[in-house]
Amino acid sequence: MGHNNQRGGLILRSSKYTPYYSYIGIGFFILTFIVNLSFKYSTTSDVGVLLLLSVSNAGLMMFTLLWGVFGIIELNLISKTKKTLQSRLHHRRINAEEYRIGQKSIRFSLVIAIGYLVLILIQVGYVILNWDEINI
């Protein structure tokens, strides 16, 4: 029950789950947001710096959107993990307390993963609305 088992992006440690892909994706989103604000509100007139910020902004946006695929995969892994946890309880491989802790962890992971996918949808909307500003 307390052994480590690596499965996709989730790690099973005595009914504790961690959404690593979503955490990394949220980090990429924050980095992209900072670079975007730096590009948009830059007061420099140096063309090289503006070009670097523009390319970095576009590249990070595309990379963050592509990383959203891992968010979808992680959401699928979380749902499979939930079913596995229910099966383990049904077959009495874990007790009710471990199940409750696992369910709490799964709910938290779902909130993080869904929140990340909502951020990706917001970014997709931003890219569509500001397509003329984004130089890819």
# chains A, B, ... in the order shown; residues from 1 in each chain; ligands from 1
>>> closest_atom_pairs(of="region 7-77 of chain A", to="region 109-122 of chain A", cutoff="8 Å", atoms="only C-alpha atoms", output="JSON lines")
{"residue": "A:Tyr17", "atom": "CA", "partner": "A:Ser109", "partner_atom": "CA", "distance": 7.0}
{"residue": "A:Thr18", "atom": "CA", "partner": "A:Ser109", "partner_atom": "CA", "distance": 6.4}
{"residue": "A:Pro19", "atom": "CA", "partner": "A:Ser109", "partner_atom": "CA", "distance": 5.6}
{"residue": "A:Ser22", "atom": "CA", "partner": "A:Ala113", "partner_atom": "CA", "distance": 5.5}
{"residue": "A:Tyr23", "atom": "CA", "partner": "A:Ile112", "partner_atom": "CA", "distance": 7.8}
{"residue": "A:Gly25", "atom": "CA", "partner": "A:Tyr116", "partner_atom": "CA", "distance": 7.1}
{"residue": "A:Ile26", "atom": "CA", "partner": "A:Tyr116", "partner_atom": "CA", "distance": 6.2}
{"residue": "A:Phe29", "atom": "CA", "partner": "A:Leu119", "partner_atom": "CA", "distance": 7.8}
{"residue": "A:Thr64", "atom": "CA", "partner": "A:Ile120", "partner_atom": "CA", "distance": 7.7}
{"residue": "A:Leu65", "atom": "CA", "partner": "A:Ile120", "partner_atom": "CA", "distance": 6.3}
{"residue": "A:Gly68", "atom": "CA", "partner": "A:Ile120", "partner_atom": "CA", "distance": 6.5}
{"residue": "A:Gly71", "atom": "CA", "partner": "A:Ala113", "partner_atom": "CA", "distance": 6.3}
{"residue": "A:Ile72", "atom": "CA", "partner": "A:Leu117", "partner_atom": "CA", "distance": 7.6}
{"residue": "A:Glu74", "atom": "CA", "partner": "A:Ala113", "partner_atom": "CA", "distance": 7.3}
{"residue": "A:Leu75", "atom": "CA", "partner": "A:Ala113", "partner_atom": "CA", "distance": 6.3}
>>> closest_residue(among="A:Ile24, A:Leu129, A:Ala58, A:Leu31", to="Phe70 (chain A)", atoms="only C-alpha atoms")
A:Ile24
>>> select_by_dssp(residues="chain A", states="strand (DSSP E or B)", output="PDB file with N, CA, C and O atoms, in the first residue's frame")
ATOM      1  N   ASN A   4       5.929   2.968  -3.992  1.00  0.00           N
ATOM      2  CA  ASN A   4       5.910   3.959  -5.069  1.00  0.00           C
ATOM      3  C   ASN A   4       5.597   3.265  -6.386  1.00  0.00           C
ATOM      4  O   ASN A   4       6.132   2.218  -6.680  1.00  0.00           O
ATOM      5  N   ASN A   5       4.768   3.881  -7.193  1.00  0.00           N
ATOM      6  CA  ASN A   5       4.396   3.335  -8.488  1.00  0.00           C
ATOM      7  C   ASN A   5       4.301   4.495  -9.465  1.00  0.00           C
ATOM      8  O   ASN A   5       3.430   5.337  -9.338  1.00  0.00           O
ATOM      9  N   GLN A   6       5.211   4.559 -10.452  1.00  0.00           N
ATOM     10  CA  GLN A   6       5.203   5.638 -11.447  1.00  0.00           C
ATOM     11  C   GLN A   6       4.204   5.267 -12.541  1.00  0.00           C
ATOM     12  O   GLN A   6       4.271   4.209 -13.102  1.00  0.00           O
ATOM     13  N   ARG A   7       3.268   6.174 -12.830  1.00  0.00           N
ATOM     14  CA  ARG A   7       2.269   5.909 -13.856  1.00  0.00           C
ATOM     15  C   ARG A   7       2.011   7.206 -14.600  1.00  0.00           C
ATOM     16  O   ARG A   7       1.281   8.059 -14.131  1.00  0.00           O
ATOM     17  N   LEU A  10       1.405  10.943 -13.043  1.00  0.00           N
ATOM     18  CA  LEU A  10       0.957  10.895 -11.669  1.00  0.00           C
ATOM     19  C   LEU A  10       1.799   9.900 -10.893  1.00  0.00           C
ATOM     20  O   LEU A  10       2.162   8.850 -11.396  1.00  0.00           O
ATOM     21  N   ILE A  11       2.099  10.225  -9.666  1.00  0.00           N
ATOM     22  CA  ILE A  11       2.868   9.318  -8.829  1.00  0.00           C
ATOM     23  C   ILE A  11       1.971   8.862  -7.686  1.00  0.00           C
ATOM     24  O   ILE A  11       1.357   9.675  -7.001  1.00  0.00           O
ATOM     25  N   LEU A  12       1.904   7.563  -7.497  1.00  0.00           N
ATOM     26  CA  LEU A  12       1.095   6.978  -6.444  1.00  0.00           C
ATOM     27  C   LEU A  12       1.986   6.718  -5.240  1.00  0.00           C
ATOM     28  O   LEU A  12       2.877   5.889  -5.289  1.00  0.00           O
ATOM     29  N   ARG A  13       1.780   7.449  -4.163  1.00  0.00           N
ATOM     30  CA  ARG A  13       2.504   7.245  -2.911  1.00  0.00           C
ATOM     31  C   ARG A  13       1.458   7.191  -1.817  1.00  0.00           C
ATOM     32  O   ARG A  13       1.011   8.215  -1.337  1.00  0.00           O
TER      33      ARG A  13
END
>>> atom_distance(atom1="CA of Val49 (chain A)", atom2="CA of Tyr126 (chain A)")
23.0 Å
>>> residues_around(residues="region 35-37 of chain A", least_positions_apart="6", cutoff="8 Å", atoms="only C-alpha atoms", output="count of residues only")
3
>>> select_by_dssp(residues="chain A", states="alpha helix (DSSP H)", output="VMD selection string")
chain A and resid 20 to 40 47 to 90 96 to 129
